[in-house]
$ cat start32.txt   # compact mmCIF, C-alpha atoms and all ligand atoms
# COMPACT_ATOMS: atom_id res chain seq x y z
CA MET A 1 9.86 -0.26 43.99
CA PRO A 2 6.82 -1.16 41.90
CA ASP A 3 7.24 -0.76 38.12
CA ALA A 4 5.41 2.02 36.21
CA ALA A 5 2.26 -0.08 35.77
CA THR A 6 1.81 -0.97 39.41
CA ALA A 7 2.79 2.52 40.61
CA MET A 8 -0.30 3.93 38.90
CA ARG A 9 -3.41 4.94 40.79
CA VAL A 10 -6.20 3.23 38.89
CA VAL A 11 -9.98 3.64 38.97
CA GLU A 12 -12.17 0.79 37.71
CA LEU A 13 -15.82 1.29 36.72
CA ALA A 14 -17.51 -1.98 37.60
CA GLY A 15 -20.79 -3.84 37.74
CA GLY A 16 -21.31 -7.38 38.94
CA VAL A 17 -19.35 -10.53 38.36
CA GLY A 18 -17.06 -9.39 35.52
CA GLY A 19 -16.23 -6.23 37.43
CA ALA A 20 -15.41 -8.19 40.57
CA LYS A 21 -13.09 -10.62 38.78
CA LEU A 22 -11.13 -7.85 37.10
CA ALA A 23 -10.97 -5.88 40.36
CA HIS A 24 -9.45 -8.95 42.00
CA GLY A 25 -6.77 -9.09 39.30
CA LEU A 26 -6.13 -5.35 39.52
CA GLN A 27 -5.90 -5.42 43.33
CA ALA A 28 -3.25 -8.14 43.08
CA HIS A 29 -1.05 -5.62 41.23
CA LEU A 30 -2.17 -2.31 42.77
CA GLY A 31 -3.37 -2.95 46.34
CA GLU A 32 -4.48 0.37 47.87
CA ARG A 33 -3.83 2.18 44.57
CA LEU A 34 -7.03 0.68 43.16
CA SER A 35 -10.43 2.34 43.55
CA VAL A 36 -13.52 0.58 42.20
CA ILE A 37 -16.59 2.68 41.42
CA VAL A 38 -19.52 0.27 41.61
CA ASN A 39 -23.02 0.45 40.20
CA THR A 40 -25.73 0.79 42.87
CA GLY A 41 -28.70 0.45 40.51
CA ASP A 42 -29.03 -3.25 41.39
CA ASP A 43 -29.47 -2.44 45.09
CA LEU A 44 -32.72 -3.47 46.76
CA GLU A 45 -34.52 -3.71 50.07
CA ARG A 46 -35.16 -7.23 51.35
CA HIS A 47 -36.76 -7.99 54.76
CA GLY A 48 -36.24 -4.36 55.72
CA LEU A 49 -32.51 -4.50 54.93
CA LEU A 50 -30.53 -2.76 52.17
CA VAL A 51 -28.74 -5.22 49.89
CA CYS A 52 -26.03 -3.91 47.52
CA PRO A 53 -25.24 -6.81 45.14
CA ASP A 54 -22.59 -5.17 42.94
CA HIS A 55 -20.76 -3.63 45.91
CA ASP A 56 -20.94 -6.83 47.96
CA THR A 57 -19.85 -9.07 45.08
CA VAL A 58 -16.75 -6.90 44.58
CA MET A 59 -16.13 -6.67 48.35
CA TYR A 60 -16.34 -10.42 48.98
CA THR A 61 -14.17 -11.09 45.92
CA LEU A 62 -11.48 -8.61 47.00
CA ALA A 63 -11.63 -10.05 50.53
CA GLY A 64 -11.08 -13.53 49.08
CA ILE A 65 -14.26 -14.94 50.64
CA ASP A 66 -16.47 -14.92 47.53
CA ASN A 67 -18.50 -17.92 46.41
CA ARG A 68 -16.67 -18.99 43.23
CA GLU A 69 -19.44 -21.38 42.23
CA TRP A 70 -22.22 -18.78 42.10
CA GLY A 71 -20.25 -15.61 41.31
CA TRP A 72 -22.05 -13.79 44.16
CA GLY A 73 -22.44 -14.20 47.92
CA LEU A 74 -20.00 -15.89 50.25
CA ALA A 75 -18.03 -19.11 50.18
CA GLY A 76 -19.39 -21.83 52.44
CA GLU A 77 -22.67 -19.96 52.82
CA THR A 78 -25.63 -21.46 54.72
CA PHE A 79 -29.31 -20.51 54.52
CA ALA A 80 -30.79 -21.34 57.92
CA ALA A 81 -32.22 -17.84 58.37
CA SER A 82 -33.70 -17.93 54.87
CA GLU A 83 -35.47 -21.22 55.64
CA MET A 84 -37.01 -19.68 58.77
CA LEU A 85 -38.01 -16.55 56.84
CA ALA A 86 -39.83 -18.80 54.36
CA ARG A 87 -41.72 -20.46 57.25
CA TYR A 88 -42.96 -17.00 58.20
CA GLY A 89 -44.21 -16.52 54.63
CA GLU A 90 -41.46 -14.13 53.60
CA GLU A 91 -40.40 -14.07 49.94
CA THR A 92 -37.03 -15.82 49.67
CA TRP A 93 -36.54 -16.08 45.89
CA PHE A 94 -33.74 -13.55 46.29
CA ARG A 95 -31.62 -15.80 48.48
CA LEU A 96 -29.79 -14.17 51.39
CA GLY A 97 -27.29 -16.42 53.15
CA ASP A 98 -26.62 -16.28 56.88
CA ARG A 99 -23.19 -14.64 56.55
CA ASP A 100 -24.46 -12.28 53.85
CA LEU A 101 -27.27 -11.17 56.19
CA ALA A 102 -24.65 -9.87 58.63
CA THR A 103 -23.48 -7.42 55.95
CA HIS A 104 -27.01 -6.15 55.35
CA ILE A 105 -27.81 -5.91 59.09
CA VAL A 106 -24.71 -3.82 59.84
CA ARG A 107 -25.10 -1.68 56.70
CA THR A 108 -28.76 -0.96 57.41
CA ARG A 109 -28.13 -0.09 61.06
CA ARG A 110 -25.35 2.36 60.19
CA LEU A 111 -27.43 3.99 57.45
CA ARG A 112 -30.31 4.38 59.89
CA GLU A 113 -27.85 6.12 62.24
CA GLY A 114 -27.26 8.68 59.47
CA GLU A 115 -23.97 7.51 57.95
CA ARG A 116 -23.49 7.86 54.18
CA LEU A 117 -23.54 4.70 52.06
CA THR A 118 -19.90 5.34 51.07
CA THR A 119 -18.71 5.62 54.67
CA VAL A 120 -20.62 2.50 55.68
CA SER A 121 -19.26 0.60 52.67
CA LEU A 122 -15.64 1.56 53.36
CA LYS A 123 -15.99 0.41 57.01
CA LEU A 124 -17.36 -2.98 55.92
CA GLN A 125 -14.45 -3.36 53.48
CA ALA A 126 -11.87 -2.42 56.13
CA ALA A 127 -13.33 -5.01 58.52
CA LEU A 128 -12.82 -7.67 55.81
CA GLY A 129 -9.26 -6.54 55.06
CA VAL A 130 -9.99 -5.31 51.54
CA ARG A 131 -7.03 -3.18 50.32
CA ALA A 132 -8.67 -1.39 47.39
CA ALA A 133 -11.44 1.20 47.93
CA ILE A 134 -14.86 0.15 46.64
CA LEU A 135 -16.90 3.32 46.10
CA PRO A 136 -20.66 3.39 45.46
CA MET A 137 -21.29 5.58 42.43
CA ALA A 138 -23.54 7.78 44.60
CA ASP A 139 -24.84 7.89 48.19
CA GLU A 140 -28.38 8.65 47.04
CA PRO A 141 -30.50 5.63 46.06
CA VAL A 142 -30.67 4.71 42.35
CA ARG A 143 -32.85 1.78 41.26
CA THR A 144 -32.63 0.25 37.80
CA ARG A 145 -35.92 -0.82 36.30
CA VAL A 146 -36.50 -2.57 32.99
CA ARG A 147 -39.58 -2.37 30.76
CA THR A 148 -40.70 -5.78 29.46
CA ASP A 149 -43.87 -7.19 27.92
CA GLU A 150 -44.94 -7.75 31.55
CA GLY A 151 -44.48 -4.03 32.26
CA TRP A 152 -41.78 -2.34 34.33
CA LEU A 153 -39.84 -4.74 36.59
CA ASP A 154 -37.40 -3.95 39.41
CA PHE A 155 -33.97 -5.07 38.32
CA GLN A 156 -33.64 -8.07 40.65
CA THR A 157 -37.19 -9.18 39.90
CA TYR A 158 -36.09 -9.33 36.26
CA PHE A 159 -32.57 -10.65 36.87
CA VAL A 160 -33.28 -13.26 39.57
CA GLY A 161 -37.05 -13.51 39.90
CA ARG A 162 -37.68 -13.95 36.17
CA HIS A 163 -34.23 -15.44 35.39
CA GLN A 164 -33.55 -12.67 32.82
CA GLU A 165 -36.10 -14.30 30.49
CA PRO A 166 -38.26 -11.29 29.51
CA GLU A 167 -37.08 -9.16 26.59
CA VAL A 168 -35.98 -5.73 27.83
CA HIS A 169 -37.37 -2.88 25.74
CA GLU A 170 -36.24 0.04 27.93
CA VAL A 171 -34.11 0.71 31.00
CA ARG A 172 -34.49 3.54 33.49
CA PHE A 173 -32.60 4.51 36.60
CA ASP A 174 -35.11 5.72 39.20
CA GLY A 175 -33.60 8.34 41.50
CA ILE A 176 -30.78 9.23 39.10
CA GLU A 177 -31.91 12.87 39.00
CA ALA A 178 -31.01 13.30 42.68
CA ALA A 179 -27.82 11.23 42.50
CA ARG A 180 -24.47 13.03 42.77
CA ALA A 181 -20.92 11.74 42.42
CA THR A 182 -19.57 11.41 45.96
CA PRO A 183 -16.48 13.33 47.14
CA GLU A 184 -14.66 9.99 47.26
CA VAL A 185 -15.57 9.17 43.65
CA LEU A 186 -14.53 12.63 42.44
CA SER A 187 -11.27 12.45 44.38
CA ALA A 188 -10.45 9.01 42.97
CA LEU A 189 -11.09 10.19 39.40
CA ALA A 190 -9.13 13.43 39.98
CA GLY A 191 -6.14 11.44 41.24
CA ALA A 192 -6.31 8.64 38.68
CA ASP A 193 -3.32 7.87 36.47
CA ALA A 194 -5.49 5.44 34.47
CA ILE A 195 -9.13 4.32 34.27
CA VAL A 196 -10.47 0.87 33.40
CA VAL A 197 -14.04 -0.01 32.37
CA ALA A 198 -14.69 -3.60 33.48
CA PRO A 199 -16.24 -6.22 31.16
CA SER A 200 -19.60 -5.36 32.72
CA ASN A 201 -22.99 -4.96 31.09
CA PRO A 202 -22.88 -1.64 29.18
CA PHE A 203 -26.66 -1.08 29.61
CA VAL A 204 -27.31 -1.83 33.28
CA SER A 205 -23.87 -1.76 34.94
CA VAL A 206 -21.76 0.88 33.17
CA ALA A 207 -24.57 3.17 31.98
CA PRO A 208 -25.93 3.88 35.50
CA ILE A 209 -22.45 4.93 36.66
CA LEU A 210 -22.08 7.31 33.71
CA ALA A 211 -25.55 8.73 34.40
CA VAL A 212 -24.62 9.98 37.90
CA ALA A 213 -24.19 13.78 37.85
CA GLY A 214 -20.52 14.69 37.91
CA ILE A 215 -19.06 11.37 36.77
CA ARG A 216 -19.00 11.96 33.02
CA ASP A 217 -17.49 15.41 33.59
CA ALA A 218 -14.85 13.91 35.89
CA LEU A 219 -14.02 11.29 33.26
CA ASP A 220 -13.76 13.97 30.57
CA ALA A 221 -11.50 16.07 32.84
CA ALA A 222 -9.28 13.06 33.46
CA ARG A 223 -8.95 12.38 29.74
CA ALA A 224 -8.21 16.08 29.14
CA ARG A 225 -5.31 15.64 31.60
CA GLY A 226 -4.04 12.79 29.45
CA VAL A 227 -5.35 9.99 31.68
CA PRO A 228 -5.83 6.92 29.46
CA VAL A 229 -9.10 4.98 29.64
CA ALA A 230 -9.28 1.28 28.75
CA ALA A 231 -12.41 -0.84 28.36
CA ILE A 232 -12.64 -4.62 28.23
CA SER A 233 -15.32 -6.24 26.14
CA GLY A 234 -17.84 -8.30 28.11
CA ILE A 235 -19.07 -9.77 24.84
CA VAL A 236 -16.88 -12.61 23.52
CA GLY A 237 -17.73 -14.43 20.31
CA GLY A 238 -21.09 -12.64 20.20
CA ARG A 239 -22.09 -13.85 23.65
CA ALA A 240 -22.04 -12.32 27.11
CA ILE A 241 -19.69 -14.15 29.45
CA LYS A 242 -22.48 -14.00 32.04
CA GLY A 243 -25.83 -12.20 32.23
CA PRO A 244 -28.17 -10.61 29.68
CA ALA A 245 -25.86 -8.10 27.92
CA ASP A 246 -25.95 -9.97 24.59
CA ARG A 247 -29.76 -10.03 24.45
CA MET A 248 -29.87 -6.37 25.51
CA PHE A 249 -27.76 -5.40 22.49
CA ALA A 250 -30.51 -6.82 20.31
CA SER A 251 -33.49 -5.44 22.25
CA LEU A 252 -31.99 -2.14 23.45
CA GLY A 253 -29.07 -1.48 21.15
CA GLY A 254 -30.80 -2.55 17.94
CA GLU A 255 -27.78 -4.53 16.81
CA ALA A 256 -26.29 -7.97 17.10
CA PRO A 257 -24.08 -8.39 20.17
CA SER A 258 -20.37 -8.25 19.42
CA ALA A 259 -17.16 -6.83 20.85
CA LEU A 260 -17.34 -4.22 18.06
CA ALA A 261 -20.84 -3.23 19.20
CA VAL A 262 -19.44 -2.69 22.71
CA ALA A 263 -16.55 -0.64 21.32
CA ARG A 264 -18.99 1.54 19.38
CA ARG A 265 -20.83 2.37 22.61
CA TYR A 266 -17.57 3.37 24.32
CA ALA A 267 -15.83 5.08 21.37
CA GLY A 268 -15.32 8.78 22.05
CA TRP A 269 -14.35 8.32 25.69
CA VAL A 270 -12.06 5.30 25.73
CA ASP A 271 -8.54 5.20 24.30
CA LEU A 272 -7.95 1.47 24.43
CA PHE A 273 -10.30 -1.47 23.87
CA VAL A 274 -9.46 -5.03 24.94
CA LEU A 275 -10.96 -7.82 22.82
CA ASP A 276 -10.73 -11.55 23.28
CA ASP A 277 -8.60 -13.66 20.91
CA VAL A 278 -11.77 -15.14 19.37
CA ASP A 279 -12.76 -11.64 18.22
CA ALA A 280 -9.40 -10.77 16.61
CA ALA A 281 -11.13 -10.31 13.23
CA LEU A 282 -13.04 -7.36 14.74
CA GLU A 283 -9.85 -5.50 15.66
CA PRO A 284 -9.65 -3.43 12.42
CA GLY A 285 -13.26 -2.32 12.93
CA VAL A 286 -12.44 -1.15 16.45
CA ARG A 287 -9.33 0.68 15.30
CA ASP A 288 -11.45 2.39 12.61
CA LEU A 289 -13.32 3.95 15.55
CA GLY A 290 -10.08 5.67 16.51
CA VAL A 291 -9.59 3.35 19.48
CA ASP A 292 -6.37 1.45 20.15
CA THR A 293 -6.72 -2.26 20.71
CA VAL A 294 -5.28 -5.14 22.69
CA VAL A 295 -6.25 -8.66 21.61
CA THR A 296 -5.72 -11.31 24.28
CA ASP A 297 -7.35 -14.09 26.29
CA THR A 298 -9.90 -12.17 28.35
CA LEU A 299 -11.51 -15.14 30.09
CA MET A 300 -10.93 -14.89 33.85
CA VAL A 301 -11.35 -18.45 35.06
CA ASP A 302 -9.06 -18.37 38.10
CA ASP A 303 -6.86 -16.06 40.17
CA ALA A 304 -3.94 -16.42 37.76
CA SER A 305 -5.96 -15.43 34.68
CA ARG A 306 -7.53 -12.53 36.59
CA ALA A 307 -4.06 -11.22 37.51
CA ARG A 308 -2.68 -11.89 34.05
CA LEU A 309 -5.43 -9.97 32.24
CA ALA A 310 -5.21 -7.13 34.75
CA GLY A 311 -1.43 -7.02 34.29
CA GLU A 312 -1.75 -6.84 30.51
CA VAL A 313 -4.26 -4.00 30.75
CA LEU A 314 -2.10 -2.10 33.25
CA GLY A 315 0.94 -2.55 31.00
CA ALA A 316 -0.93 -1.18 27.99
CA LEU A 317 -2.23 1.74 30.06
CA ALA A 318 1.20 2.53 31.55
CA ALA A 319 2.56 2.78 28.02
CA ARG A 320 -0.04 5.51 27.37
CA CYS A 321 0.28 7.37 30.66
CA ARG A 322 1.82 10.81 30.55
CA PRO A 323 4.93 10.69 32.77
CA ALA A 324 3.46 10.54 36.25
CA VAL A 325 4.11 13.44 38.56
CA SER A 326 7.00 12.21 40.70
CA ARG A 327 5.63 11.03 44.00
CA ASP A 328 7.41 13.87 45.87
CA GLY A 329 5.44 16.29 43.69
CA ALA A 330 8.56 17.71 42.10
CA GLY A 331 6.47 18.54 39.03
CA GLU A 332 6.06 16.67 35.76
CA ALA A 333 8.61 13.88 35.55
N1 LIG A 401 -28.38 -14.04 41.97
C1 LIG A 401 -29.21 -15.07 41.70
O1 LIG A 401 -29.23 -15.55 40.55
N2 LIG A 401 -30.03 -15.61 42.66
C2 LIG A 401 -30.06 -15.14 43.92
O2 LIG A 401 -30.83 -15.65 44.76
C3 LIG A 401 -29.16 -14.06 44.25
C4 LIG A 401 -29.10 -13.55 45.56
C5 LIG A 401 -28.14 -12.55 45.83
C6 LIG A 401 -27.98 -12.07 47.14
C7 LIG A 401 -27.03 -11.10 47.41
C8 LIG A 401 -26.23 -10.57 46.39
O3 LIG A 401 -25.29 -9.66 46.67
C9 LIG A 401 -26.37 -11.04 45.07
C10 LIG A 401 -27.33 -12.03 44.79
N3 LIG A 401 -27.48 -12.51 43.48
C11 LIG A 401 -28.34 -13.53 43.22
C12 LIG A 401 -26.69 -11.97 42.37
C13 LIG A 401 -27.23 -10.62 41.89
O4 LIG A 401 -28.55 -10.70 41.49
C14 LIG A 401 -26.33 -10.16 40.73
O5 LIG A 401 -25.02 -10.42 41.10
C15 LIG A 401 -26.28 -8.69 40.42
O6 LIG A 401 -27.34 -7.97 40.78
C16 LIG A 401 -25.99 -8.55 38.93
O7 LIG A 401 -24.85 -7.81 38.76
$ encode --input "start32.txt" --output "structure tokens" --more "lines below"
Ligand code: FO1
Amino acid sequence: MPDAATAMRVVELAGGVGGAKLAHGLQAHLGERLSVIVNTGDDLERHGLLVCPDHDTVMYTLAGIDNREWGWGLAGETFAASEMLARYGEETWFRLGDRDLATHIVRTRRLREGERLTTVSLKLQAALGVRAAILPMADEPVRTRVRTDEGWLDFQTYFVGRHQEPEVHEVRFDGIEAARATPEVLSALAGADAIVVAPSNPFVSVAPILAVAGIRDALDAARARGVPVAAISGIVGGRAIKGPADRMFASLGGEAPSALAVARRYAGWVDLFVLDDVDAALEPGVRDLGVDTVVTDTLMVDDASRARLAGEVLGALAARCRPAVSRDGAGEA
């Protein structure tokens, strides 16, 4: 019988690489009791195919076939198709490997046949043996764009095409007005015993998820039921582990990047904030926000550290869970 922590049904809000690593650690403890709500604002069309980077990065990671060197795409990937696309004059700066293309081909076909993005995504995951449920934040398209000195750029043009060099002055999520939390997302949040915000970029990974109609309300309802919410800082020692979050704090958040700056953005809807050991001096400042803290090694460099961090977070959350309804529904335990 799993202990209290691993008996919980947990929902993770996740963006790219940091979200995938934590999901891998959480899945090791929770299996099917984990649902991961992923950002779809990074999605894009390439060569007529829909590519979903945050979903696919989490899916390949949870399937154990992720490319550990790059943090995205598949292990052992080849690029024969991409080379031929280049010969035809196609843009290939956003590199799509041969195995990765299979995902986009199948996804695009099923969408064209009228299936919802969530249904298509869950079928892809099942085919790869993924035990958790990876849920797009919405089935309607949302596309993150960033305003730079070069004007508005699509997210991947900024992130990959321009190597995240331009300063970002503004972010917008095109299509967000028509985006709705899916039934699967609402069901996962309604059934959650605990919620975890991954060490993802607050501005372009977590913010789009919170902007989808219905998700903030569902989070508030969960907290009103006593469901604890934990967030892990993606800023360690003033730097982002990976990606542009630290520079975005300066250009978008108007403050120096720090774990405390992350906590300030999440205060009011998280109960527990996880900081890295190097930021222990910031713990009192986080607690002054009315947020409990856990200080630990948050660097996820291998499977063991992913599972260890996830286990520590689950343990801290289990200690805050209201007694779970006994599984036979015999009322509050
Ligand atoms: N990141 C890169 O830096 N260069 C690429 O060519 C690239 C291709 C790519 C293809 C599929 C995919 O799922 C992700 C890919 N990424 C690439 C990563 C992607 O830009 C980021 O993982 C997310 O968008 C940020 O969370």
$ residues_around --input "start32.txt" --residues "Pro166 in chain A" --least-positions-apart "5" --cutoff "10 Å" --atoms "only C-alpha atoms" --output "PyMOL selection string"
chain A and resi 146-151+153+158-159+247
$ closest_atom_pairs --input "start32.txt" --of "chain A" --to "ligand LIG 401 (chain A)" --cutoff "6 Å" --atoms "all atoms listed in the file" --output "JSON lines"
{"residue": "A:Gly15", "atom": "CA", "partner": "A:LIG401", "partner_atom": "O7", "distance": 5.8}
{"residue": "A:Gly16", "atom": "CA", "partner": "A:LIG401", "partner_atom": "O7", "distance": 3.6}
{"residue": "A:Asp42", "atom": "CA", "partner": "A:LIG401", "partner_atom": "O6", "distance": 5.1}
{"residue": "A:Cys52", "atom": "CA", "partner": "A:LIG401", "partner_atom": "O3", "distance": 5.9}
{"residue": "A:Pro53", "atom": "CA", "partner": "A:LIG401", "partner_atom": "O3", "distance": 3.2}
{"residue": "A:Asp54", "atom": "CA", "partner": "A:LIG401", "partner_atom": "O7", "distance": 5.4}
{"residue": "A:Asp56", "atom": "CA", "partner": "A:LIG401", "partner_atom": "O3", "distance": 5.3}
{"residue": "A:Thr57", "atom": "CA", "partner": "A:LIG401", "partner_atom": "O3", "distance": 5.7}
{"residue": "A:Trp72", "atom": "CA", "partner": "A:LIG401", "partner_atom": "C9", "distance": 5.2}
{"residue": "A:Gly73", "atom": "CA", "partner": "A:LIG401", "partner_atom": "C8", "distance": 5.5}
{"residue": "A:Trp93", "atom": "CA", "partner": "A:LIG401", "partner_atom": "O2", "distance": 5.8}
{"residue": "A:Phe94", "atom": "CA", "partner": "A:LIG401", "partner_atom": "O2", "distance": 3.9}
{"residue": "A:Arg95", "atom": "CA", "partner": "A:LIG401", "partner_atom": "O2", "distance": 3.8}
{"residue": "A:Leu96", "atom": "CA", "partner": "A:LIG401", "partner_atom": "C6", "distance": 5.1}
{"residue": "A:Gln156", "atom": "CA", "partner": "A:LIG401", "partner_atom": "O4", "distance": 5.8}
{"residue": "A:Val160", "atom": "CA", "partner": "A:LIG401", "partner_atom": "O1", "distance": 4.8}
$ atom_distance --input "start32.txt" --atom1 "CA of Ala80 in chain A" --atom2 "CA of Ser121 in chain A"
25.3 Å
$ atom_distance --input "start32.txt" --atom1 "CA of Thr144 in chain A" --atom2 "CA of Arg172 in chain A"
5.7 Å
$ closest_residue --input "start32.txt" --among "A:Asp271, A:Asp292, A:Glu140, A:Asp276" --to "Ala240 in chain A" --atoms "only C-alpha atoms"
A:Asp276
$ atom_distance --input "start32.txt" --atom1 "CA of Pro208 in chain A" --atom2 "CA of Gly129 in chain A"
27.7 Å
$ closest_residue --input "start32.txt" --among "A:Asp279, A:Val204, A:Val291, A:Pro244" --to "Ser258 in chain A" --atoms "only C-alpha atoms"
A:Asp279
$ closest_atom_pairs --input "start32.txt" --of "range 6-94 of chain A" --to "range 112-117 of chain A" --cutoff "12 Å" --atoms "all atoms listed in the file" --output "CSV"
residue,atom,partner,partner_atom,distance
A:Thr40,CA,A:Leu117,CA,10.2
A:Asp43,CA,A:Leu117,CA,11.6
A:Gly48,CA,A:Arg112,CA,11.4
A:Leu49,CA,A:Arg112,CA,10.4
A:Leu50,CA,A:Leu117,CA,10.2
A:Val51,CA,A:Leu117,CA,11.4
A:Cys52,CA,A:Leu117,CA,10.0
A:His55,CA,A:Leu117,CA,10.7
$ residues_around --input "start32.txt" --residues "range 218-235 of chain A" --least-positions-apart "2" --cutoff "6 Å" --atoms "only C-alpha atoms" --output "list in words"
Asp193, Ala194, Ile195, Val196, Val197, Ala198, Pro199, Ser200, Ile215, Arg216, Gly238, Arg239, Ala240, Ser258, Ala259, Val270, Asp271, Leu272, Phe273, Val274 and Leu275 of chain A
$ residues_around --input "start32.txt" --residues "Met59 in chain A" --least-positions-apart "2" --cutoff "8 Å" --atoms "all atoms listed in the file" --output "ChimeraX atom specification"
/A:20,55-57,61-63,125,130,134
$ write_last_selection --input "start32.txt" --atoms "C-alpha atoms" --output "mmCIF file, keeping the file's coordinate frame"
data_model
loop_
_atom_site.group_PDB
_atom_site.id
_atom_site.type_symbol
_atom_site.label_atom_id
_atom_site.label_comp_id
_atom_site.auth_asym_id
_atom_site.auth_seq_id
_atom_site.Cartn_x
_atom_site.Cartn_y
_atom_site.Cartn_z
ATOM 1 C CA ALA A 20 -15.410 -8.190 40.570
ATOM 2 C CA HIS A 55 -20.760 -3.630 45.910
ATOM 3 C CA ASP A 56 -20.940 -6.830 47.960
ATOM 4 C CA THR A 57 -19.850 -9.070 45.080
ATOM 5 C CA THR A 61 -14.170 -11.090 45.920
ATOM 6 C CA LEU A 62 -11.480 -8.610 47.000
ATOM 7 C CA ALA A 63 -11.630 -10.050 50.530
ATOM 8 C CA GLN A 125 -14.450 -3.360 53.480
ATOM 9 C CA VAL A 130 -9.990 -5.310 51.540
ATOM 10 C CA ILE A 134 -14.860 0.150 46.640
#
$ build_atoms --input "start32.txt" --residues "range 85-90 of chain A" --atoms "all heavy atoms" --output "JSON list (two decimals), in the coordinates of the input"
[["chain", "number", "residue", "atom", "x", "y", "z"],
["A", 85, "LEU", "N", -37.24, -17.65, 57.44],
["A", 85, "LEU", "CA", -38.01, -16.55, 56.84],
["A", 85, "LEU", "C", -39.13, -17.12, 55.98],
["A", 85, "LEU", "O", -40.26, -16.65, 56.00],
["A", 85, "LEU", "CB", -37.08, -15.67, 55.99],
["A", 85, "LEU", "CG", -36.15, -14.73, 56.76],
["A", 85, "LEU", "CD1", -35.04, -14.19, 55.84],
["A", 85, "LEU", "CD2", -36.95, -13.56, 57.37],
["A", 86, "ALA", "N", -38.81, -18.18, 55.22],
["A", 86, "ALA", "CA", -39.83, -18.80, 54.36],
["A", 86, "ALA", "C", -40.98, -19.35, 55.20],
["A", 86, "ALA", "O", -42.14, -19.24, 54.82],
["A", 86, "ALA", "CB", -39.18, -19.90, 53.53],
["A", 87, "ARG", "N", -40.65, -19.90, 56.38],
["A", 87, "ARG", "CA", -41.72, -20.46, 57.25],
["A", 87, "ARG", "C", -42.66, -19.35, 57.72],
["A", 87, "ARG", "O", -43.83, -19.58, 57.97],
["A", 87, "ARG", "CB", -41.10, -21.17, 58.46],
["A", 87, "ARG", "CG", -40.41, -22.48, 58.10],
["A", 87, "ARG", "CD", -39.88, -23.21, 59.32],
["A", 87, "ARG", "NE", -40.98, -23.62, 60.23],
["A", 87, "ARG", "CZ", -40.75, -24.26, 61.38],
["A", 87, "ARG", "NH1", -39.50, -24.52, 61.74],
["A", 87, "ARG", "NH2", -41.73, -24.62, 62.16],
["A", 88, "TYR", "N", -42.12, -18.13, 57.81],
["A", 88, "TYR", "CA", -42.96, -17.00, 58.20],
["A", 88, "TYR", "C", -43.68, -16.39, 57.00],
["A", 88, "TYR", "O", -44.30, -15.33, 57.10],
["A", 88, "TYR", "CB", -42.12, -15.93, 58.90],
["A", 88, "TYR", "CG", -41.69, -16.32, 60.30],
["A", 88, "TYR", "CD1", -40.35, -16.29, 60.67],
["A", 88, "TYR", "CD2", -42.64, -16.73, 61.24],
["A", 88, "TYR", "CE1", -39.96, -16.65, 61.95],
["A", 88, "TYR", "CE2", -42.26, -17.11, 62.52],
["A", 88, "TYR", "CZ", -40.92, -17.08, 62.87],
["A", 88, "TYR", "OH", -40.52, -17.44, 64.14],
["A", 89, "GLY", "N", -43.50, -17.01, 55.81],
["A", 89, "GLY", "CA", -44.21, -16.52, 54.63],
["A", 89, "GLY", "C", -43.48, -15.40, 53.91],
["A", 89, "GLY", "O", -44.03, -14.78, 53.02],
["A", 90, "GLU", "N", -42.23, -15.15, 54.30],
["A", 90, "GLU", "CA", -41.46, -14.13, 53.60],
["A", 90, "GLU", "C", -41.03, -14.64, 52.23],
["A", 90, "GLU", "O", -40.80, -15.85, 52.04],
["A", 90, "GLU", "CB", -40.18, -13.80, 54.40],
["A", 90, "GLU", "CG", -40.44, -13.11, 55.76],
["A", 90, "GLU", "CD", -40.82, -11.64, 55.59],
["A", 90, "GLU", "OE1", -40.06, -10.90, 54.94],
["A", 90, "GLU", "OE2", -41.88, -11.26, 56.11]]
